[in-house]
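Encoded as structure tokens, the structure appears first; notes follow it.
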Amino acid sequence: MQRRGPGLLLRDIERGEDPDVAAVVDTIAHNSPDILLLTGFDWDHGLAAARALEARLDAAGAGYPYLFARRPNSGLATGLDMDGDGRTGGPRDAQGFGWYAGQGAMVLLSRLPVRAAAARDFSAVRWRDFPGALLPEVDGHPFPSETALAAQRLSTTGHWDVPVTLPDGGALHLLCFYAGPPIFDGPEDRNGRRNHDEVAFWSAYLDGALPQPAPATPVVVLGNANLDPADGEGRRAAISDLLAHARLQDPAPASAGAAEAARLDDGVNAGQSGDPARDTADWSDTDGPGNLRVSYVLPDARLSVAGAGVVWPAKDDPLRRLIEGEDLPRHRLVWVDLEVPAR
């Protein structure tokens with residue numbers, strides 16, 4: 001749900017001819033979650049693309065009356081050389097990778113009322129201000145420069161604390177994020193270090209290590225960490241700590257399709273130590289790391305989990321059509337059913 005130019009996603013959604021948009025609509029409509037965070041979704045002023053998608057979903061019987069998104073860091077120009085290649089104005093010179101402002105951002109859709117006025121947006125927090133920040137260096141000097149690091153924000157896309165109103169009138173805080181991948185850098189490990197701190201942000205928030213106190217009411221961490229606790233590249237301690245956090249629980253969503261994919265494509269998946277049934281992204285047909293668990297829904301430990309899974313149908317499942325196709329997203333929908341108080 002991201003394109004190489006502004007406005008193109010809106011065009012593709014409204015035309016109704018794009019197969020990957022149709023697959024996303026079908027997948028969402030079939031599963032029909034009450035709360036949905038889409039990552040890798042182009043942002044625009046007025047949320048025109050998000051509203052167009054919601055109209056398609058509403059026509060499919062799965063409408064969402066509440067939308068939330070804040071301006072992301074992806075594509076946000078800095079005017080500085082942020083990746084150390086000696087040039088400015090490239091997609092890696094933005095606060096978060098992007099060829100244009102808002103490319104590959106995130107949007108929250110909800111059937112529960114969103115308390116937008118009470119939402120916290122941490123996207124402007126500077127990386128160097130994060131406690132214990134793993135800032136990159138080369139030969140003892142800030143990378144790519146002191147000026148760049150002084151301007152660099154922590155969030156590749158954003159970190160949001162968005163409260164929604166439960167049926168009993170209470171609040172559930174959605175801790176949303178979309179971290180950058182821990183690859184595509186050099187020996188300074190700039191992206192690996194930043195990814196670690198983006199994931200570690202929520203642990204620090206829940207631990208009270210940030211200036212803003214975490215809410216006392218229940219929370220759910222949800223988003224794409226781009227980090228697997230057992231396999232692939234990256235500094236895995238960050239996601240391991242988050243999964244084991246005392247305020248959270250890991251429902252360990254799984255699917256038959258992910259386990260099947262690991263067996264059928266054992267070349268790139270061979271040697272992995274994590275449970276393949278828990279994978280959420282399909283990189284088995286590339287030269288990449290193999291299938292990985294990178295997307296998460298981590299409810300508050302005080303909430304009751306009624307079920308969890310990943311929408312990755314096996315080959316003999318009639319719903320396999322939802323994920324098959326040359327241009328369809330590699331990331332699968334992760335879902336968790338929570339029991340909340342009734343009105």
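Please note that chains go A, B, ... in the order of the structure tokens, that every chain numbers its residues from 1, and that ligands are numbered from 1 in the order shown.
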A:Glu233 environment, 9 Å, only C-alpha atoms, sequence neighbours closer than 3 positions dropped, as a list in words: Pro181, Pro182, Ile183, Gly192, Leu227, Asp228, Arg236 and Pro289 of chain A
Surrounding residues of stretch 37-46 of chain A excluding itself and chain neighbours under 3 positions, 10 Å, only C-alpha atoms, as an MDAnalysis selection string: chainID A and resid 1:10 33 49:51 67:72 74 100:110 157 174 176:179 222:224 295 297 329 331 333:334
Shell around A:Asp265 at 10 Å using only C-alpha atoms, local window under 5 positions removed, as a list in words: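 Counting only the stated atoms, we get Glu260, Ala270, Trp283, Ser284, Asp285, Gly290 and Asn291 of chain A.
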Keeping only N, CA and C atoms, write the selected residues to a file as a PDB file, in the first residue's frame.
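Saved file selection_0.pdb follows:
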```pdb
ATOM      1  N   GLU A 260       4.139 -24.359   6.748  1.00  0.00           N
ATOM      2  CA  GLU A 260       4.229 -25.041   5.461  1.00  0.00           C
ATOM      3  C   GLU A 260       5.250 -24.370   4.552  1.00  0.00           C
ATOM      4  N   ALA A 270      16.422 -22.847   6.111  1.00  0.00           N
ATOM      5  CA  ALA A 270      17.191 -23.862   6.818  1.00  0.00           C
ATOM      6  C   ALA A 270      18.134 -23.201   7.808  1.00  0.00           C
ATOM      7  N   TRP A 283       9.763 -13.964   3.069  1.00  0.00           N
ATOM      8  CA  TRP A 283      10.933 -13.630   2.263  1.00  0.00           C
ATOM      9  C   TRP A 283      11.638 -14.891   1.763  1.00  0.00           C
ATOM     10  N   SER A 284      10.888 -15.963   1.602  1.00  0.00           N
ATOM     11  CA  SER A 284      11.502 -17.246   1.262  1.00  0.00           C
ATOM     12  C   SER A 284      11.921 -17.337  -0.199  1.00  0.00           C
ATOM     13  N   ASP A 285      11.367 -16.492  -1.064  1.00  0.00           N
ATOM     14  CA  ASP A 285      11.685 -16.593  -2.489  1.00  0.00           C
ATOM     15  C   ASP A 285      12.691 -15.535  -2.924  1.00  0.00           C
ATOM     16  N   GLY A 290      15.055 -15.210   4.722  1.00  0.00           N
ATOM     17  CA  GLY A 290      14.047 -16.236   4.958  1.00  0.00           C
ATOM     18  C   GLY A 290      12.844 -15.631   5.656  1.00  0.00           C
ATOM     19  N   ASN A 291      11.868 -16.454   5.946  1.00  0.00           N
ATOM     20  CA  ASN A 291      10.658 -15.963   6.594  1.00  0.00           C
ATOM     21  C   ASN A 291      10.954 -15.609   8.047  1.00  0.00           C
TER      22      ASN A 291
END
```
Contact residues around A:Ala23 with only C-alpha atoms at 10 Å, ignoring same-chain residues under 6 positions, as a VMD selection string: chain A and resid 29 321 to 325 328 to 329
Using only C-alpha atoms, please write the residues we just selected to a file, as a short mmCIF file (atom, residue, chain, number, x, y, z; two decimals), in the first residue's frame.
```cif
data_model
loop_
_atom_site.label_atom_id
_atom_site.label_comp_id
_atom_site.auth_asym_id
_atom_site.auth_seq_id
_atom_site.Cartn_x
_atom_site.Cartn_y
_atom_site.Cartn_z
CA ALA A 29 -13.09 -7.64 5.12
CA ARG A 321 -6.07 -16.63 -2.85
CA LEU A 322 -5.79 -13.74 -0.39
CA ILE A 323 -1.99 -13.99 -0.24
CA GLU A 324 -1.10 -15.34 -3.68
CA GLY A 325 0.03 -13.03 -6.46
CA LEU A 328 1.02 -8.88 -3.10
CA PRO A 329 2.51 -7.77 0.21
#
```
A:Arg128 surroundings by only C-alpha atoms, 9 Å radius, close-in-sequence under 6 positions cut, as a PyMOL selection string: chain A and resi 134-135+149-154
Given the selection you just returned, output its residues as a file containing N, CA, C and O atoms, formatted as a PDB file, in the first residue's frame.
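The resulting file, again-v7.pdb, is shown below:
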```
ATOM      1  N   LEU A 134      21.829   3.991  21.245  1.00  0.00           N
ATOM      2  CA  LEU A 134      22.975   3.330  20.619  1.00  0.00           C
ATOM      3  C   LEU A 134      23.396   4.097  19.372  1.00  0.00           C
ATOM      4  O   LEU A 134      23.282   3.614  18.246  1.00  0.00           O
ATOM      5  N   LEU A 135      23.880   5.305  19.559  1.00  0.00           N
ATOM      6  CA  LEU A 135      24.215   6.165  18.423  1.00  0.00           C
ATOM      7  C   LEU A 135      25.426   5.616  17.666  1.00  0.00           C
ATOM      8  O   LEU A 135      26.398   5.147  18.265  1.00  0.00           O
ATOM      9  N   LEU A 149      23.345  13.788  13.473  1.00  0.00           N
ATOM     10  CA  LEU A 149      22.825  13.104  14.653  1.00  0.00           C
ATOM     11  C   LEU A 149      22.032  14.045  15.557  1.00  0.00           C
ATOM     12  O   LEU A 149      21.089  13.622  16.222  1.00  0.00           O
ATOM     13  N   ALA A 150      22.417  15.312  15.569  1.00  0.00           N
ATOM     14  CA  ALA A 150      21.681  16.279  16.379  1.00  0.00           C
ATOM     15  C   ALA A 150      20.263  16.474  15.847  1.00  0.00           C
ATOM     16  O   ALA A 150      19.343  16.801  16.604  1.00  0.00           O
ATOM     17  N   ALA A 151      20.093  16.271  14.534  1.00  0.00           N
ATOM     18  CA  ALA A 151      18.780  16.472  13.913  1.00  0.00           C
ATOM     19  C   ALA A 151      17.982  15.180  13.801  1.00  0.00           C
ATOM     20  O   ALA A 151      16.754  15.224  13.614  1.00  0.00           O
ATOM     21  N   GLN A 152      18.649  14.038  13.913  1.00  0.00           N
ATOM     22  CA  GLN A 152      18.005  12.758  13.640  1.00  0.00           C
ATOM     23  C   GLN A 152      16.950  12.397  14.681  1.00  0.00           C
ATOM     24  O   GLN A 152      17.214  12.346  15.875  1.00  0.00           O
ATOM     25  N   ARG A 153      15.747  12.133  14.202  1.00  0.00           N
ATOM     26  CA  ARG A 153      14.690  11.636  15.073  1.00  0.00           C
ATOM     27  C   ARG A 153      14.830  10.129  15.263  1.00  0.00           C
ATOM     28  O   ARG A 153      15.399   9.436  14.419  1.00  0.00           O
ATOM     29  N   LEU A 154      14.327   9.636  16.375  1.00  0.00           N
ATOM     30  CA  LEU A 154      14.400   8.203  16.644  1.00  0.00           C
ATOM     31  C   LEU A 154      13.501   7.410  15.708  1.00  0.00           C
ATOM     32  O   LEU A 154      13.918   6.398  15.137  1.00  0.00           O
TER      33      LEU A 154
END
```
List every residue of stretch 51-267 of chain A that DSSP, applied to the backbone of this structure, assigns to strand (DSSP E or B), and report them as a compact mmCIF listing (two decimals) with all heavy atoms, in the first residue's frame.
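That gives us result-v1.txt:
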```txt
# COMPACT_ATOMS: atom_id res chain seq x y z
N TYR A 66 -13.67 5.42 12.49
CA TYR A 66 -12.62 6.24 13.10
C TYR A 66 -11.27 5.95 12.45
O TYR A 66 -10.83 4.79 12.38
CB TYR A 66 -12.53 5.97 14.61
CG TYR A 66 -13.84 6.21 15.33
CD1 TYR A 66 -14.67 5.15 15.63
CD2 TYR A 66 -14.24 7.50 15.69
CE1 TYR A 66 -15.88 5.35 16.28
CE2 TYR A 66 -15.44 7.72 16.33
CZ TYR A 66 -16.26 6.64 16.63
OH TYR A 66 -17.46 6.85 17.27
N LEU A 67 -10.63 6.99 11.96
CA LEU A 67 -9.30 6.90 11.36
C LEU A 67 -8.36 7.79 12.16
O LEU A 67 -8.74 8.87 12.62
CB LEU A 67 -9.31 7.36 9.90
CG LEU A 67 -10.21 6.61 8.91
CD1 LEU A 67 -10.10 7.24 7.53
CD2 LEU A 67 -9.86 5.14 8.86
N PHE A 68 -7.11 7.36 12.27
CA PHE A 68 -6.11 8.16 12.96
C PHE A 68 -4.77 8.00 12.28
O PHE A 68 -4.33 6.88 11.99
CB PHE A 68 -5.98 7.75 14.43
CG PHE A 68 -4.95 8.55 15.19
CD1 PHE A 68 -5.32 9.71 15.87
CD2 PHE A 68 -3.62 8.16 15.21
CE1 PHE A 68 -4.37 10.45 16.55
CE2 PHE A 68 -2.67 8.90 15.89
CZ PHE A 68 -3.04 10.05 16.57
N SER A 74 8.73 9.34 7.71
CA SER A 74 9.14 8.79 6.43
C SER A 74 9.00 9.86 5.34
O SER A 74 7.94 10.46 5.17
CB SER A 74 8.30 7.57 6.08
OG SER A 74 6.92 7.87 6.10
N GLY A 96 13.03 9.54 7.93
CA GLY A 96 12.83 8.12 7.72
C GLY A 96 12.80 7.87 6.23
O GLY A 96 12.37 8.74 5.46
N ALA A 105 3.98 4.98 5.33
CA ALA A 105 3.73 5.38 6.72
C ALA A 105 2.80 4.36 7.40
O ALA A 105 2.90 3.16 7.16
CB ALA A 105 3.14 6.78 6.76
N MET A 106 1.92 4.84 8.27
CA MET A 106 0.98 3.94 8.93
C MET A 106 -0.31 4.70 9.22
O MET A 106 -0.32 5.93 9.32
CB MET A 106 1.56 3.33 10.20
CG MET A 106 2.02 4.30 11.25
SD MET A 106 2.77 3.42 12.67
CE MET A 106 3.21 4.82 13.70
N VAL A 107 -1.39 3.92 9.35
CA VAL A 107 -2.70 4.50 9.64
C VAL A 107 -3.46 3.53 10.53
O VAL A 107 -3.35 2.31 10.38
CB VAL A 107 -3.49 4.80 8.35
CG1 VAL A 107 -3.75 3.53 7.55
CG2 VAL A 107 -4.80 5.52 8.66
N LEU A 108 -4.19 4.08 11.48
CA LEU A 108 -5.00 3.29 12.41
C LEU A 108 -6.47 3.42 12.04
O LEU A 108 -6.97 4.53 11.85
CB LEU A 108 -4.77 3.79 13.84
CG LEU A 108 -5.52 3.08 14.96
CD1 LEU A 108 -4.98 1.67 15.17
CD2 LEU A 108 -5.42 3.88 16.26
N LEU A 109 -7.16 2.28 11.91
CA LEU A 109 -8.59 2.24 11.64
C LEU A 109 -9.26 1.56 12.83
O LEU A 109 -8.77 0.55 13.33
CB LEU A 109 -8.90 1.47 10.35
CG LEU A 109 -8.31 2.01 9.04
CD1 LEU A 109 -6.91 1.45 8.80
CD2 LEU A 109 -9.20 1.66 7.86
N SER A 110 -10.39 2.11 13.26
CA SER A 110 -11.02 1.58 14.47
C SER A 110 -12.53 1.69 14.41
O SER A 110 -13.08 2.64 13.84
CB SER A 110 -10.49 2.34 15.70
OG SER A 110 -11.13 1.89 16.88
N VAL A 114 -11.92 6.76 18.81
CA VAL A 114 -10.53 7.16 19.03
C VAL A 114 -10.50 8.50 19.75
O VAL A 114 -11.13 9.47 19.30
CB VAL A 114 -9.77 7.26 17.71
CG1 VAL A 114 -8.37 7.83 17.93
CG2 VAL A 114 -9.68 5.89 17.04
N ARG A 120 -0.82 10.71 22.10
CA ARG A 120 0.55 11.21 22.21
C ARG A 120 1.33 10.78 20.97
O ARG A 120 1.32 9.60 20.61
CB ARG A 120 1.24 10.65 23.46
CG ARG A 120 0.71 11.16 24.78
CD ARG A 120 1.39 10.43 25.92
NE ARG A 120 1.09 11.01 27.22
CZ ARG A 120 1.51 10.51 28.37
NH1 ARG A 120 2.27 9.41 28.36
NH2 ARG A 120 1.20 11.09 29.51
N ASP A 121 2.00 11.72 20.37
CA ASP A 121 2.83 11.44 19.19
C ASP A 121 4.28 11.69 19.58
O ASP A 121 4.69 12.82 19.83
CB ASP A 121 2.41 12.34 18.03
CG ASP A 121 3.19 12.05 16.76
OD1 ASP A 121 4.05 11.15 16.77
OD2 ASP A 121 2.94 12.74 15.75
N ARG A 126 14.12 13.16 19.48
CA ARG A 126 15.41 12.98 18.83
C ARG A 126 16.07 11.69 19.32
O ARG A 126 15.97 11.34 20.50
CB ARG A 126 16.32 14.17 19.10
CG ARG A 126 15.83 15.46 18.48
CD ARG A 126 16.89 16.55 18.58
NE ARG A 126 17.33 16.75 19.97
CZ ARG A 126 18.37 17.50 20.33
NH1 ARG A 126 19.08 18.12 19.39
NH2 ARG A 126 18.69 17.65 21.60
N GLU A 137 28.87 5.38 15.47
CA GLU A 137 30.14 6.09 15.41
C GLU A 137 31.06 5.38 14.42
O GLU A 137 30.91 4.18 14.16
CB GLU A 137 30.83 6.12 16.77
CG GLU A 137 30.11 6.93 17.84
CD GLU A 137 30.92 6.99 19.13
OE1 GLU A 137 31.90 6.20 19.25
OE2 GLU A 137 30.58 7.80 20.00
N VAL A 138 32.00 6.14 13.88
CA VAL A 138 33.08 5.60 13.06
C VAL A 138 34.37 6.22 13.55
O VAL A 138 34.50 7.46 13.57
CB VAL A 138 32.86 5.91 11.56
CG1 VAL A 138 34.09 5.50 10.75
CG2 VAL A 138 31.62 5.17 11.03
N HIS A 141 33.97 8.95 16.07
CA HIS A 141 33.28 10.17 15.68
C HIS A 141 31.83 9.86 15.32
O HIS A 141 31.53 8.79 14.77
CB HIS A 141 33.97 10.82 14.47
CG HIS A 141 35.40 11.21 14.74
ND1 HIS A 141 35.74 12.28 15.52
CD2 HIS A 141 36.57 10.64 14.32
CE1 HIS A 141 37.05 12.39 15.58
NE2 HIS A 141 37.58 11.40 14.87
N PRO A 142 30.90 10.77 15.63
CA PRO A 142 29.49 10.54 15.30
C PRO A 142 29.30 10.28 13.82
O PRO A 142 29.92 10.93 12.97
CB PRO A 142 28.80 11.85 15.73
CG PRO A 142 29.72 12.46 16.73
CD PRO A 142 31.11 12.07 16.31
N ARG A 153 15.75 12.13 14.20
CA ARG A 153 14.69 11.64 15.07
C ARG A 153 14.83 10.13 15.26
O ARG A 153 15.40 9.44 14.42
CB ARG A 153 13.32 11.96 14.48
CG ARG A 153 13.04 13.45 14.35
CD ARG A 153 11.68 13.71 13.77
NE ARG A 153 11.37 15.14 13.73
CZ ARG A 153 10.19 15.65 13.36
NH1 ARG A 153 9.21 14.82 13.01
NH2 ARG A 153 9.99 16.94 13.37
N HIS A 159 5.98 6.80 16.51
CA HIS A 159 5.57 6.10 17.73
C HIS A 159 4.36 6.86 18.28
O HIS A 159 4.47 8.04 18.60
CB HIS A 159 6.68 6.09 18.78
CG HIS A 159 7.78 5.12 18.51
ND1 HIS A 159 8.80 5.38 17.61
CD2 HIS A 159 8.04 3.89 19.04
CE1 HIS A 159 9.63 4.34 17.60
NE2 HIS A 159 9.20 3.44 18.44
N TRP A 160 3.22 6.19 18.38
CA TRP A 160 2.00 6.83 18.86
C TRP A 160 1.43 6.06 20.05
O TRP A 160 1.46 4.83 20.09
CB TRP A 160 0.90 6.82 17.80
CG TRP A 160 1.24 7.38 16.46
CD1 TRP A 160 2.17 8.33 16.14
CD2 TRP A 160 0.60 7.01 15.22
NE1 TRP A 160 2.15 8.58 14.80
CE2 TRP A 160 1.21 7.79 14.20
CE3 TRP A 160 -0.41 6.12 14.87
CZ2 TRP A 160 0.83 7.68 12.86
CZ3 TRP A 160 -0.80 6.01 13.55
CH2 TRP A 160 -0.18 6.79 12.55
N ASP A 161 0.89 6.79 21.00
CA ASP A 161 0.05 6.24 22.07
C ASP A 161 -1.35 6.78 21.82
O ASP A 161 -1.63 7.95 22.07
CB ASP A 161 0.59 6.66 23.44
CG ASP A 161 -0.30 6.19 24.60
OD1 ASP A 161 -1.44 5.77 24.36
OD2 ASP A 161 0.16 6.26 25.76
N VAL A 162 -2.23 5.92 21.31
CA VAL A 162 -3.56 6.34 20.89
C VAL A 162 -4.61 5.65 21.75
O VAL A 162 -4.80 4.43 21.66
CB VAL A 162 -3.81 6.01 19.41
CG1 VAL A 162 -5.16 6.60 18.96
CG2 VAL A 162 -2.69 6.53 18.52
N PRO A 163 -5.32 6.38 22.62
CA PRO A 163 -6.37 5.74 23.42
C PRO A 163 -7.68 5.61 22.63
O PRO A 163 -8.06 6.50 21.86
CB PRO A 163 -6.55 6.70 24.60
CG PRO A 163 -6.10 8.03 24.08
CD PRO A 163 -5.09 7.78 23.00
N VAL A 164 -8.32 4.47 22.81
CA VAL A 164 -9.66 4.26 22.26
C VAL A 164 -10.59 3.95 23.42
O VAL A 164 -10.16 3.50 24.49
CB VAL A 164 -9.70 3.12 21.22
CG1 VAL A 164 -8.84 3.46 20.02
CG2 VAL A 164 -9.26 1.79 21.83
N THR A 165 -11.88 4.21 23.22
CA THR A 165 -12.87 4.02 24.27
C THR A 165 -13.48 2.63 24.17
O THR A 165 -14.03 2.25 23.13
CB THR A 165 -13.97 5.08 24.19
OG1 THR A 165 -13.38 6.38 24.31
CG2 THR A 165 -14.99 4.89 25.30
N ALA A 171 -10.58 3.16 28.86
CA ALA A 171 -9.65 3.43 27.77
C ALA A 171 -8.71 2.26 27.57
O ALA A 171 -8.26 1.62 28.52
CB ALA A 171 -8.84 4.69 28.05
N LEU A 172 -8.41 1.99 26.32
CA LEU A 172 -7.37 1.05 25.91
C LEU A 172 -6.37 1.83 25.09
O LEU A 172 -6.73 2.46 24.09
CB LEU A 172 -7.96 -0.10 25.09
CG LEU A 172 -6.97 -1.12 24.55
CD1 LEU A 172 -6.36 -1.93 25.70
CD2 LEU A 172 -7.65 -2.05 23.55
N HIS A 173 -5.11 1.82 25.51
CA HIS A 173 -4.08 2.60 24.83
C HIS A 173 -3.35 1.73 23.81
O HIS A 173 -2.78 0.70 24.16
CB HIS A 173 -3.08 3.17 25.84
CG HIS A 173 -3.61 4.34 26.60
ND1 HIS A 173 -3.20 5.64 26.38
CD2 HIS A 173 -4.56 4.41 27.58
CE1 HIS A 173 -3.84 6.45 27.19
NE2 HIS A 173 -4.68 5.73 27.93
N LEU A 174 -3.38 2.17 22.56
CA LEU A 174 -2.72 1.46 21.46
C LEU A 174 -1.35 2.09 21.23
O LEU A 174 -1.26 3.27 20.88
CB LEU A 174 -3.57 1.55 20.20
CG LEU A 174 -5.04 1.15 20.35
CD1 LEU A 174 -5.80 1.40 19.06
CD2 LEU A 174 -5.16 -0.32 20.78
N LEU A 175 -0.31 1.32 21.46
CA LEU A 175 1.05 1.80 21.29
C LEU A 175 1.52 1.34 19.91
O LEU A 175 1.95 0.20 19.73
CB LEU A 175 1.95 1.26 22.41
CG LEU A 175 1.43 1.47 23.83
CD1 LEU A 175 2.48 1.02 24.86
CD2 LEU A 175 1.03 2.92 24.08
N CYS A 176 1.43 2.25 18.94
CA CYS A 176 1.63 1.92 17.53
C CYS A 176 3.01 2.37 17.06
O CYS A 176 3.47 3.45 17.42
CB CYS A 176 0.57 2.61 16.67
SG CYS A 176 -1.13 2.38 17.22
N PHE A 177 3.63 1.54 16.22
CA PHE A 177 4.91 1.93 15.65
C PHE A 177 5.22 1.12 14.40
O PHE A 177 4.61 0.08 14.14
CB PHE A 177 6.03 1.78 16.67
CG PHE A 177 6.51 0.37 16.93
CD1 PHE A 177 7.82 0.01 16.70
CD2 PHE A 177 5.64 -0.60 17.44
CE1 PHE A 177 8.27 -1.29 16.95
CE2 PHE A 177 6.07 -1.88 17.71
CZ PHE A 177 7.39 -2.23 17.45
N TYR A 178 6.18 1.61 13.64
CA TYR A 178 6.65 0.94 12.43
C TYR A 178 8.14 1.26 12.31
O TYR A 178 8.52 2.34 11.87
CB TYR A 178 5.88 1.44 11.20
CG TYR A 178 6.27 0.84 9.88
CD1 TYR A 178 6.98 -0.34 9.78
CD2 TYR A 178 5.90 1.49 8.70
CE1 TYR A 178 7.32 -0.87 8.56
CE2 TYR A 178 6.23 0.95 7.46
CZ TYR A 178 6.94 -0.22 7.39
OH TYR A 178 7.28 -0.75 6.16
N VAL A 219 -2.81 -1.46 27.90
CA VAL A 219 -2.20 -1.06 26.65
C VAL A 219 -2.12 -2.27 25.73
O VAL A 219 -2.23 -3.42 26.16
CB VAL A 219 -0.78 -0.49 26.86
CG1 VAL A 219 -0.79 0.69 27.82
CG2 VAL A 219 0.18 -1.58 27.35
N VAL A 220 -1.94 -1.99 24.45
CA VAL A 220 -1.59 -3.02 23.47
C VAL A 220 -0.51 -2.44 22.57
O VAL A 220 -0.70 -1.38 21.97
CB VAL A 220 -2.81 -3.45 22.61
CG1 VAL A 220 -2.37 -4.47 21.56
CG2 VAL A 220 -3.92 -4.03 23.48
N VAL A 221 0.63 -3.11 22.49
CA VAL A 221 1.68 -2.71 21.56
C VAL A 221 1.38 -3.40 20.24
O VAL A 221 1.19 -4.63 20.19
CB VAL A 221 3.07 -3.13 22.07
CG1 VAL A 221 4.14 -2.82 21.02
CG2 VAL A 221 3.39 -2.42 23.38
N LEU A 222 1.33 -2.64 19.15
CA LEU A 222 1.09 -3.25 17.86
C LEU A 222 1.84 -2.52 16.77
O LEU A 222 1.96 -1.29 16.78
CB LEU A 222 -0.41 -3.32 17.52
CG LEU A 222 -1.21 -2.06 17.24
CD1 LEU A 222 -2.54 -2.44 16.61
CD2 LEU A 222 -1.48 -1.26 18.51
N GLY A 223 2.41 -3.31 15.86
CA GLY A 223 3.14 -2.70 14.75
C GLY A 223 4.16 -3.64 14.16
O GLY A 223 4.26 -4.82 14.51
N ASN A 224 4.93 -3.10 13.25
CA ASN A 224 5.99 -3.84 12.56
C ASN A 224 7.32 -3.42 13.15
O ASN A 224 7.77 -2.29 12.95
CB ASN A 224 5.94 -3.54 11.06
CG ASN A 224 6.96 -4.34 10.27
OD1 ASN A 224 7.84 -4.99 10.83
ND2 ASN A 224 6.85 -4.28 8.95
N LEU A 248 3.25 -6.84 29.60
CA LEU A 248 2.70 -7.35 28.35
C LEU A 248 2.63 -8.87 28.37
O LEU A 248 3.19 -9.53 29.23
CB LEU A 248 3.57 -6.90 27.17
CG LEU A 248 3.78 -5.40 27.00
CD1 LEU A 248 4.78 -5.13 25.88
CD2 LEU A 248 2.46 -4.69 26.73
```
Best match for closeness to A:Ala216 among A:Gly75, A:Gly170, A:Gly61, A:Pro276, counting only C-alpha atoms: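 That would be A:Gly170, the residue with the smallest distance to A:Ala216.
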All helix (DSSP H, G or I) residues (DSSP, backbone) inside stretch 29-243 of chain A, as a ChimeraX atom specification: /A:29-31,45-59,91-93,116-118,127-129,146-151,190-206,237-243
Residues within 8 Å of A:Ser304, only C-alpha atoms, excluding chain neighbours under 4 positions, as a PyMOL selection string: chain A and resi 338-340
Generate a file of the selected residues that holds all heavy atoms, formatted as a CSV table (one decimal), in the first residue's frame.
```csv
chain,number,residue,atom,x,y,z
A,338,LEU,N,-9.3,-10.1,22.0
A,338,LEU,CA,-9.3,-9.8,23.4
A,338,LEU,C,-10.7,-9.7,24.0
A,338,LEU,O,-11.6,-9.2,23.3
A,338,LEU,CB,-8.6,-8.5,23.6
A,338,LEU,CG,-7.1,-8.3,23.1
A,338,LEU,CD1,-6.6,-6.9,23.3
A,338,LEU,CD2,-6.2,-9.3,23.9
A,339,GLU,N,-10.8,-10.2,25.2
A,339,GLU,CA,-12.0,-10.1,25.9
A,339,GLU,C,-12.0,-8.8,26.7
A,339,GLU,O,-11.1,-8.6,27.6
A,339,GLU,CB,-12.3,-11.3,26.8
A,339,GLU,CG,-12.5,-12.6,26.0
A,339,GLU,CD,-12.7,-13.8,27.0
A,339,GLU,OE1,-12.6,-13.6,28.2
A,339,GLU,OE2,-12.9,-14.9,26.4
A,340,VAL,N,-12.9,-7.9,26.5
A,340,VAL,CA,-13.0,-6.6,27.2
A,340,VAL,C,-14.3,-6.5,27.9
A,340,VAL,O,-15.3,-7.2,27.6
A,340,VAL,CB,-12.8,-5.4,26.2
A,340,VAL,CG1,-11.4,-5.5,25.5
A,340,VAL,CG2,-13.9,-5.4,25.2
```
Distance query A:Arg302 at most 9 Å, only C-alpha atoms, self and fewer than 6 positions along chain excluded, as an NGL selection string: :A and (218 or 247-249)
May I have the selected residues written with N, CA and C atoms, as a PDB file, in the first residue's frame?
```pdb
ATOM      1  N   PRO A 218      -4.926  -0.362  30.650  1.00  0.00           N
ATOM      2  CA  PRO A 218      -4.336  -1.376  29.764  1.00  0.00           C
ATOM      3  C   PRO A 218      -3.841  -0.812  28.437  1.00  0.00           C
ATOM      4  N   ARG A 247       4.533  -5.982  31.798  1.00  0.00           N
ATOM      5  CA  ARG A 247       3.216  -5.404  31.561  1.00  0.00           C
ATOM      6  C   ARG A 247       2.523  -6.001  30.346  1.00  0.00           C
ATOM      7  N   LEU A 248       3.247  -6.836  29.598  1.00  0.00           N
ATOM      8  CA  LEU A 248       2.702  -7.350  28.353  1.00  0.00           C
ATOM      9  C   LEU A 248       2.627  -8.870  28.374  1.00  0.00           C
ATOM     10  N   GLN A 249       1.907  -9.415  27.392  1.00  0.00           N
ATOM     11  CA  GLN A 249       1.904 -10.850  27.163  1.00  0.00           C
ATOM     12  C   GLN A 249       2.047 -11.106  25.671  1.00  0.00           C
TER      13      GLN A 249
END
```
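Among the candidates A:Ala252, A:Leu264, A:Ala200, A:Leu292, the residue lying nearest to A:Ala230 is A:Leu292 (atoms considered: only C-alpha atoms).
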One-decimal distance in Å that lies between atom CA of A:Val310 and atom CA of A:Thr280: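 Between these atoms lies a distance of 6.7 Å.
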Residue with smallest distance to A:Asp317 - pool A:Val294, A:His196, A:Val268, A:Ala256, counting only C-alpha atoms: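 Comparing A:Val294, A:His196, A:Val268, A:Ala256 against A:Asp317, the winner is A:Ala256.
Separating atom CA of A:Gln95 from atom CA of A:Asp139 is a distance of 23.9 Å.
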Residue nearest A:Tyr64 - candidates A:Val311, A:Ile28, A:Val199, A:Leu319, atoms counted: only C-alpha atoms: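 So, comparing all the options, the nearest one is A:Ile28.
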Coordinates-based distance that separates atom CA of A:Glu146 from atom CA of A:Phe97 (Å, one decimal): 19.7 Å
